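Written below as structure tokens is the structure these notes are about.
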Number of protein chains: 4
Amino acid sequence: MSDAGFHGVFPYLVTPVDDGGTIKKDVLAKLCDDLINRGVHGLTPLGSTGEFAYLNNQQRRRVIEIVLESAGGRVPVVAGVASTTISDAVSQARDYEKLGCDGILAILESYFPVSDDGIYSYFEAIARAVSIPIVLYTNPNFQRSDLSVATIDKLSHVNNIRYIKDASNNTGRLLSIINRVDGRMQVFSASAHIPACVMLIGGVGWMAGPACLIPEQSVRLFDLCRLGKWAEAMNFQRQLWGLSQAFAKYNLAACIKGGLELQGYPVGAALAPQTPLSSEGIAEVKEALCSIGAL
Amino acid sequence: MSDAGFHGVFPYLVTPVDDGGTIKKDVLAKLCDDLINRGVHGLTPLGSTGEFAYLNNQQRRRVIEIVLESAGGRVPVVAGVASTTISDAVSQARDYEKLGCDGILAILESYFPVSDDGIYSYFEAIARAVSIPIVLYTNPNFQRSDLSVATIDKLSHVNNIRYIKDASNNTGRLLSIINRVDGRMQVFSASAHIPACVMLIGGVGWMAGPACLIPEQSVRLFDLCRLGKWAEAMNFQRQLWGLSQAFAKYNLAACIKGGLELQGYPVGAALAPQTPLSSEGIAEVKEALCSIGAL
Amino acid sequence: MSDAGFHGVFPYLVTPVDDGGTIKKDVLAKLCDDLINRGVHGLTPLGSTGEFAYLNNQQRRRVIEIVLESAGGRVPVVAGVASTTISDAVSQARDYEKLGCDGILAILESYFPVSDDGIYSYFEAIARAVSIPIVLYTNPNFQRSDLSVATIDKLSHVNNIRYIKDASNNTGRLLSIINRVDGRMQVFSASAHIPACVMLIGGVGWMAGPACLIPEQSVRLFDLCRLGKWAEAMNFQRQLWGLSQAFAKYNLAACIKGGLELQGYPVGAALAPQTPLSSEGIAEVKEALCSIGAL
Amino acid sequence: MSDAGFHGVFPYLVTPVDDGGTIKKDVLAKLCDDLINRGVHGLTPLGSTGEFAYLNNQQRRRVIEIVLESAGGRVPVVAGVASTTISDAVSQARDYEKLGCDGILAILESYFPVSDDGIYSYFEAIARAVSIPIVLYTNPNFQRSDLSVATIDKLSHVNNIRYIKDASNNTGRLLSIINRVDGRMQVFSASAHIPACVMLIGGVGWMAGPACLIPEQSVRLFDLCRLGKWAEAMNFQRQLWGLSQAFAKYNLAACIKGGLELQGYPVGAALAPQTPLSSEGIAEVKEALCSIGAL
């Protein structure tokens, strides 16, 4: 799989785990296959929605193996690498490259606050350790660190750091980044940003949990944006928005897992002590999916 | 001035005050006149940028008188009403309506947290006290209260509550509001939201401090959006963005006052103990204005 | 009244206001008289609990007049001065000194963030404007500015800045301040700090809303602390703690006003849109007062 | 080692790790031995200061083995168990009990917000999995979850949940907990709380990083408190406070590791991308230690 230009719809895959802690291969593989058949442009295992923070390194590695095997080179696989230490992150990244991943989604976990220099050295070390493209990831809602625009700019000069997925809901910040990195880095939208708006300001696609539930609609929206049919795109985006609202309101993993269960995928619940999607949440996701024609 | 549909570019006016606390009539009147001649669609005195929080009620009233006289009915004047108590807010609103204002921008100041019921009753009381249209205002960055989407929905059923200006930077929240209020209320963008994006999702214009500095460019951007020339609009928006970035980075009032001083308006500095725009800020605003052709 | 050493129990007075906005003189005067007769060491009108943020300057001035008249020089009156601008704060402070106040509790309100230099100049200007002692006030829970330990240290070198009331709940910060200012400034506790602990670390008393409801008990606790009977003091403090908990849980003004209504003072409710103390809150305050023997 | 009443000074041990990721046994063992010889009442490996968030499960287990061996039953060892999932936490706790630990310090890590029910079930599951006493740990500064007083009360009814270490700086909250749990649970202070104050309100000791650097002084302070010599205790506490201030100001692990290096323990720096204690931090720690006589 060439890395020439990640773009389009990359669903954040959930991670189905059985009670003994084993990754449910069949369920995950079928989800990957179905998503590819419905046109998604890539797969992103081990993002926030993929519950990386709730899996040990053995479980994470198994997820990558299953996704790569299921994808079979049809679409790029961009694997989440997350750690609090540089040494562990570098080790994960090297391992995932060897397994055959097409890119790394690099995530910094932290417990104590990290200085900008520490943040820079973490992401730079991951990039230097592999030869595949890096997508920087930042989610100020769930992480204790955040990437300043100045640090992003500095990282954009590292050769294989080529993309950023910023999961804040501050779309103006994305425009500031786009203006600043001047083409050295491309921007992926999060679901919270209104993907059609991010495409308008210059984004190349989106990485988002809801795309697991509405792959065809996501691809249609992307195509409308790429054709510059902005009014039509926004009209369609408005119809999809109820699902993004539910996703923002409930636990991300519980929400997507709950929706997939409704669609017949036995992915199970978010890992304890996270609580399963509430009955109110199930009703809201159900209504959003039905109104979109995805259930 | 009819209230049939506020829309377009409404600059948040700064408030020039001399050392003795007197509003500088000539400076403010000339700014209003120039903005109207350059095509803005309305004027909004006593917003955040207008330093309402730093003026007593006599000073605020004087600002309204000057702006109304200068506008002379050419464009609608939507006056900021802000208080911690219902009784004071109602008194201000009635007074401004009698003076001739075309609308009220209703702002809730608070010291202790306010319940949703308290928030609702504050805005409802202002609306009931006057017959002109109300624009709800919420700025979670500077106020201690925020309007939930459910409270906004409830307020949209009050007859003359017809607009909302949400100064968060969460554009997705605006889409959720638009979907929820179903046409009962129209949305104005803040500068932090990327106005062109808000127009795309269904907004009717923007109320923003930077429009004091770049009125013609703001109007041109609005016209491009209204014509549905989204790619062209966004291309132009990108050029204007440096000014919005500076505005978000520095004290709002100090920033716009600093920019107006550069353009020859002797508006003075933000009121002490606020500090004047730093030399670094002046340089950044200057560069932004020069690159836009506004200096 | 000499200013030689404010110390002991200073209740934050509530502000009873009738529907027309007039301060209820009889109610406020009786409360002051009763508190003095029960042994409090001073009175503090126009603190947070006094709803300064909900009163205009005329109402505030009237409060001061009533309290001064009722106190009649029996205990010092330390009046709250609060504003967003230096000019208004200085004007209030001079006025209150002329009226006969013994000290000023200086409070900085802000809407936009204020720099450390701006904070310093605000408090310094108030101090320079009067000759009576200044108590610095900071409440990070309700204000948008906070005083750094470095700024407090700098202010402690201004001649008549002699006390600080820090309403955070971080008792360690108080010890850091005490160590830093080296006797140039004395510390008053807030109710949230456990007054007996603050006395142990070197405080000189407390300024707190609950002292309106339990003046005799507060004075007894202060006396135990001053005698160094720490175990006995803490045992008694523990019994009083339920009231402080309720005070921290509910709207401060609504809580103390609700408690005073239970004790027979017709002080009314907190000013709208604040909501009156809930029935759950009334029950909790009632139980706390009964268990202390204050109802 | 009997579990009959953990009390006194429990240093949070740092974790010395070499470049290859191996725990430096000699350094850690010597530190434990020295601390015990200087009178500490227990040892707490794998707290925040122990960088649990930066170690994998193999490294954590090795730390426990070394500490247990060095302690040799002379003082109780209370091991930190931290995870995002119940299954992993239970597995760690069972393992540490088998290795010989005397108690478990139970820590909930989270990425997504956790409901109160989820929080309860996490701690309850750990407690049910072992027969040794549990110390609940909560640090709202570094964790994404916090224990409400109601949840703490509910957990206090689980048989072997017997202690709590609350690392907020809100001492009033500790008094509320003590009043609420009514003897079912004992409270340990954090360094940020002023240990002498917590002893006064009813605490049984403290678990804190700085005790690694000043074990004898910490024990002396504890003894003064236990004898009820409060004035003398506070006078001594005041001298020790500079070290707690530095600890609160800098990265906890970097600060204690930096101080131990000054004292001749080659513990190394905090794990990358954390940055080593700055030269300013080293100077501040050095001064604090010298003034105490600990260097």
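Following the order of the structure tokens, first chain is A, next is B, and so on, with residues numbered from 1 inside each chain and ligands from 1 in the order they appear.
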
Per residue of chain A within 12 Å of chain B, which atom pair is closest and at what distance in Å (one decimal), using only C-alpha atoms, listed by chain and increasing number, as CSV?
residue,atom,partner,partner_atom,distance
A:Val149,CA,B:Gln245,CA,11.7
A:Ala167,CA,B:Asn170,CA,11.7
A:Ser168,CA,B:Asn170,CA,8.8
A:Asn169,CA,B:Asn170,CA,5.4
A:Asn170,CA,B:Asn169,CA,5.4
A:Thr171,CA,B:Thr171,CA,6.9
A:Gly172,CA,B:His193,CA,5.9
A:Arg173,CA,B:Gln245,CA,8.8
A:Leu174,CA,B:Ile194,CA,10.3
A:Leu175,CA,B:Arg238,CA,7.6
A:Ser176,CA,B:Gln245,CA,7.5
A:Ile177,CA,B:Gln245,CA,11.0
A:Ile178,CA,B:Arg238,CA,9.4
A:Asn179,CA,B:Arg238,CA,7.6
A:Arg180,CA,B:Gly242,CA,10.2
A:Ala190,CA,B:Gly172,CA,10.9
A:Ser191,CA,B:Gly172,CA,9.1
A:Ala192,CA,B:Gly172,CA,6.2
A:His193,CA,B:Gly172,CA,5.9
A:Ile194,CA,B:Gly172,CA,6.0
A:Pro195,CA,B:Gly172,CA,9.7
A:Ala196,CA,B:Cys197,CA,9.1
A:Cys197,CA,B:Cys197,CA,5.8
A:Val198,CA,B:Cys197,CA,8.7
A:Met199,CA,B:Cys197,CA,10.3
A:Leu200,CA,B:Met234,CA,7.1
A:Ile201,CA,B:Met234,CA,6.4
A:Gly202,CA,B:Met234,CA,9.0
A:Cys225,CA,B:Ala231,CA,10.8
A:Arg226,CA,B:Ala231,CA,11.4
A:Leu227,CA,B:Ala231,CA,11.1
A:Gly228,CA,B:Ala231,CA,7.6
A:Lys229,CA,B:Trp230,CA,9.1
A:Trp230,CA,B:Trp230,CA,6.9
A:Ala231,CA,B:Leu200,CA,7.3
A:Glu232,CA,B:Leu200,CA,10.4
A:Ala233,CA,B:Leu200,CA,9.8
A:Met234,CA,B:Ile201,CA,6.4
A:Asn235,CA,B:Ile201,CA,8.3
A:Phe236,CA,B:Ile201,CA,10.8
A:Gln237,CA,B:Ile201,CA,9.0
A:Arg238,CA,B:Leu175,CA,7.6
A:Gln239,CA,B:Asn179,CA,9.1
A:Leu240,CA,B:Asn179,CA,11.0
A:Trp241,CA,B:Ser176,CA,7.6
A:Gly242,CA,B:Ser176,CA,8.0
A:Leu243,CA,B:Ser176,CA,10.9
A:Ser244,CA,B:Gly172,CA,9.0
A:Gln245,CA,B:Ser176,CA,7.4
A:Ala246,CA,B:Ser176,CA,10.8
A:Ala248,CA,B:Gly172,CA,10.0
A:Lys249,CA,B:Arg173,CA,11.6

Worksheet entry | atom CA of Ser278 of chain B to atom CA of Leu13 of chain B, distance in Å rounded to a single decimal |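 That distance, rounded to one decimal, is 20.7 Å.
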
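Considering only C-alpha atoms, the residue among B:Ala254, B:Glu109, B:His157, B:Gln263 positioned nearest to Ala53 of chain C is B:Glu109.
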
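Using only C-alpha atoms, the smallest distance between any of B:Pro215, B:Ala93, B:Ala208, B:Lys154 and Ile36 of chain B comes from B:Pro215.
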
Item to complete: Could you please write out, as an MDAnalysis selection string, every residue of segment 10-136 of chain B that DSSP assigns to alpha helix (DSSP H)?
Response: chainID B and resid 25:37 57:71 86:99 116:129

Worksheet item: In Å, with one decimal, what is the gap from atom CA of Cys101 of chain C to atom CA of Asp88 of chain B?
Response: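 Atom CA of Cys101 of chain C sits 27.6 Å away from atom CA of Asp88 of chain B.
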
Worksheet item: Hey, can you check how far atom CA of Val67 of chain A sits from atom CA of Lys30 of chain A?
Response: 9.6 Å

Discussion item. Let me make sure I understand: among A:Tyr111, A:Gly264, A:Val135, A:Asn160, which one has the smallest atom-to-atom distance to Gly50 of chain D if we use only C-alpha atoms?
Written reply: A:Tyr111

Worksheet item: Using the chain letters and numbers from this document, which residues of segment 102-293 of chain A does DSSP assign to strand (DSSP E), as number ranges by chain?
Response: A: 103-108, 134-138, 161-166, 186-189, 205-208

Resulting file, chosen residues, N, CA, C and O atoms, as an mmCIF file, in the first residue's frame:
data_model
loop_
_atom_site.group_PDB
_atom_site.id
_atom_site.type_symbol
_atom_site.label_atom_id
_atom_site.label_comp_id
_atom_site.auth_asym_id
_atom_site.auth_seq_id
_atom_site.Cartn_x
_atom_site.Cartn_y
_atom_site.Cartn_z
ATOM 1 N N GLY A 103 0.776 3.730 8.096
ATOM 2 C CA GLY A 103 1.013 5.003 8.768
ATOM 3 C C GLY A 103 0.812 4.813 10.257
ATOM 4 O O GLY A 103 0.272 3.800 10.706
ATOM 5 N N ILE A 104 1.278 5.799 11.011
ATOM 6 C CA ILE A 104 1.144 5.776 12.473
ATOM 7 C C ILE A 104 0.353 7.014 12.903
ATOM 8 O O ILE A 104 0.671 8.137 12.494
ATOM 9 N N LEU A 105 -0.659 6.800 13.721
ATOM 10 C CA LEU A 105 -1.375 7.894 14.367
ATOM 11 C C LEU A 105 -0.717 8.042 15.745
ATOM 12 O O LEU A 105 -0.893 7.172 16.609
ATOM 13 N N ALA A 106 0.045 9.098 15.941
ATOM 14 C CA ALA A 106 0.874 9.216 17.145
ATOM 15 C C ALA A 106 0.157 10.022 18.226
ATOM 16 O O ALA A 106 -0.261 11.156 17.996
ATOM 17 N N ILE A 107 0.031 9.389 19.394
ATOM 18 C CA ILE A 107 -0.753 9.934 20.505
ATOM 19 C C ILE A 107 0.128 10.023 21.741
ATOM 20 O O ILE A 107 0.805 9.054 22.083
ATOM 21 N N LEU A 108 0.105 11.155 22.406
ATOM 22 C CA LEU A 108 0.875 11.295 23.648
ATOM 23 C C LEU A 108 -0.065 11.221 24.846
ATOM 24 O O LEU A 108 -0.921 12.078 25.037
ATOM 25 N N ILE A 134 3.521 9.820 9.506
ATOM 26 C CA ILE A 134 2.974 10.022 10.849
ATOM 27 C C ILE A 134 1.799 10.999 10.778
ATOM 28 O O ILE A 134 1.885 12.042 10.137
ATOM 29 N N VAL A 135 0.717 10.638 11.482
ATOM 30 C CA VAL A 135 -0.398 11.554 11.701
ATOM 31 C C VAL A 135 -0.322 11.979 13.172
ATOM 32 O O VAL A 135 -0.436 11.130 14.060
ATOM 33 N N LEU A 136 -0.129 13.257 13.444
ATOM 34 C CA LEU A 136 -0.157 13.734 14.828
ATOM 35 C C LEU A 136 -1.600 13.715 15.319
ATOM 36 O O LEU A 136 -2.520 14.059 14.582
ATOM 37 N N TYR A 137 -1.772 13.332 16.564
ATOM 38 C CA TYR A 137 -3.116 13.281 17.125
ATOM 39 C C TYR A 137 -3.139 14.122 18.382
ATOM 40 O O TYR A 137 -2.238 14.029 19.218
ATOM 41 N N THR A 138 -4.173 14.917 18.527
ATOM 42 C CA THR A 138 -4.307 15.660 19.781
ATOM 43 C C THR A 138 -5.775 15.790 20.130
ATOM 44 O O THR A 138 -6.610 16.104 19.292
ATOM 45 N N ILE A 161 6.428 13.496 9.133
ATOM 46 C CA ILE A 161 5.235 13.960 9.855
ATOM 47 C C ILE A 161 4.410 14.756 8.858
ATOM 48 O O ILE A 161 4.740 15.877 8.508
ATOM 49 N N ARG A 162 3.330 14.165 8.413
ATOM 50 C CA ARG A 162 2.671 14.702 7.226
ATOM 51 C C ARG A 162 1.201 15.053 7.422
ATOM 52 O O ARG A 162 0.587 15.670 6.541
ATOM 53 N N TYR A 163 0.647 14.656 8.566
ATOM 54 C CA TYR A 163 -0.783 14.886 8.781
ATOM 55 C C TYR A 163 -1.019 15.241 10.241
ATOM 56 O O TYR A 163 -0.211 14.933 11.114
ATOM 57 N N ILE A 164 -2.186 15.836 10.475
ATOM 58 C CA ILE A 164 -2.607 16.058 11.860
ATOM 59 C C ILE A 164 -4.098 15.839 11.982
ATOM 60 O O ILE A 164 -4.875 16.207 11.102
ATOM 61 N N LYS A 165 -4.469 15.167 13.065
ATOM 62 C CA LYS A 165 -5.868 15.007 13.411
ATOM 63 C C LYS A 165 -6.051 15.708 14.742
ATOM 64 O O LYS A 165 -5.490 15.278 15.752
ATOM 65 N N ASP A 166 -6.778 16.813 14.727
ATOM 66 C CA ASP A 166 -6.980 17.625 15.924
ATOM 67 C C ASP A 166 -8.423 17.435 16.365
ATOM 68 O O ASP A 166 -9.353 17.860 15.691
ATOM 69 N N GLN A 186 -1.032 17.952 6.197
ATOM 70 C CA GLN A 186 -2.442 18.005 5.827
ATOM 71 C C GLN A 186 -3.302 17.744 7.057
ATOM 72 O O GLN A 186 -2.873 17.051 7.980
ATOM 73 N N VAL A 187 -4.520 18.260 7.023
ATOM 74 C CA VAL A 187 -5.381 18.195 8.192
ATOM 75 C C VAL A 187 -6.549 17.237 7.993
ATOM 76 O O VAL A 187 -7.238 17.295 6.969
ATOM 77 N N PHE A 188 -6.745 16.362 8.954
ATOM 78 C CA PHE A 188 -7.951 15.534 9.005
ATOM 79 C C PHE A 188 -8.903 16.124 10.040
ATOM 80 O O PHE A 188 -8.485 16.554 11.122
ATOM 81 N N SER A 189 -10.166 16.098 9.728
ATOM 82 C CA SER A 189 -11.184 16.574 10.648
ATOM 83 C C SER A 189 -11.551 15.490 11.651
ATOM 84 O O SER A 189 -11.412 14.300 11.385
ATOM 85 N N GLY A 205 -9.912 15.143 4.663
ATOM 86 C CA GLY A 205 -10.791 14.042 5.022
ATOM 87 C C GLY A 205 -11.076 14.066 6.501
ATOM 88 O O GLY A 205 -10.864 15.082 7.150
ATOM 89 N N TRP A 206 -11.577 12.951 7.006
ATOM 90 C CA TRP A 206 -11.792 12.916 8.451
ATOM 91 C C TRP A 206 -11.547 11.531 9.020
ATOM 92 O O TRP A 206 -11.683 10.523 8.338
ATOM 93 N N MET A 207 -11.094 11.513 10.236
ATOM 94 C CA MET A 207 -10.906 10.293 11.021
ATOM 95 C C MET A 207 -11.907 10.407 12.157
ATOM 96 O O MET A 207 -11.840 11.359 12.936
ATOM 97 N N ALA A 208 -12.829 9.458 12.216
ATOM 98 C CA ALA A 208 -13.932 9.649 13.143
ATOM 99 C C ALA A 208 -14.619 8.340 13.454
ATOM 100 O O ALA A 208 -14.741 7.464 12.584
#
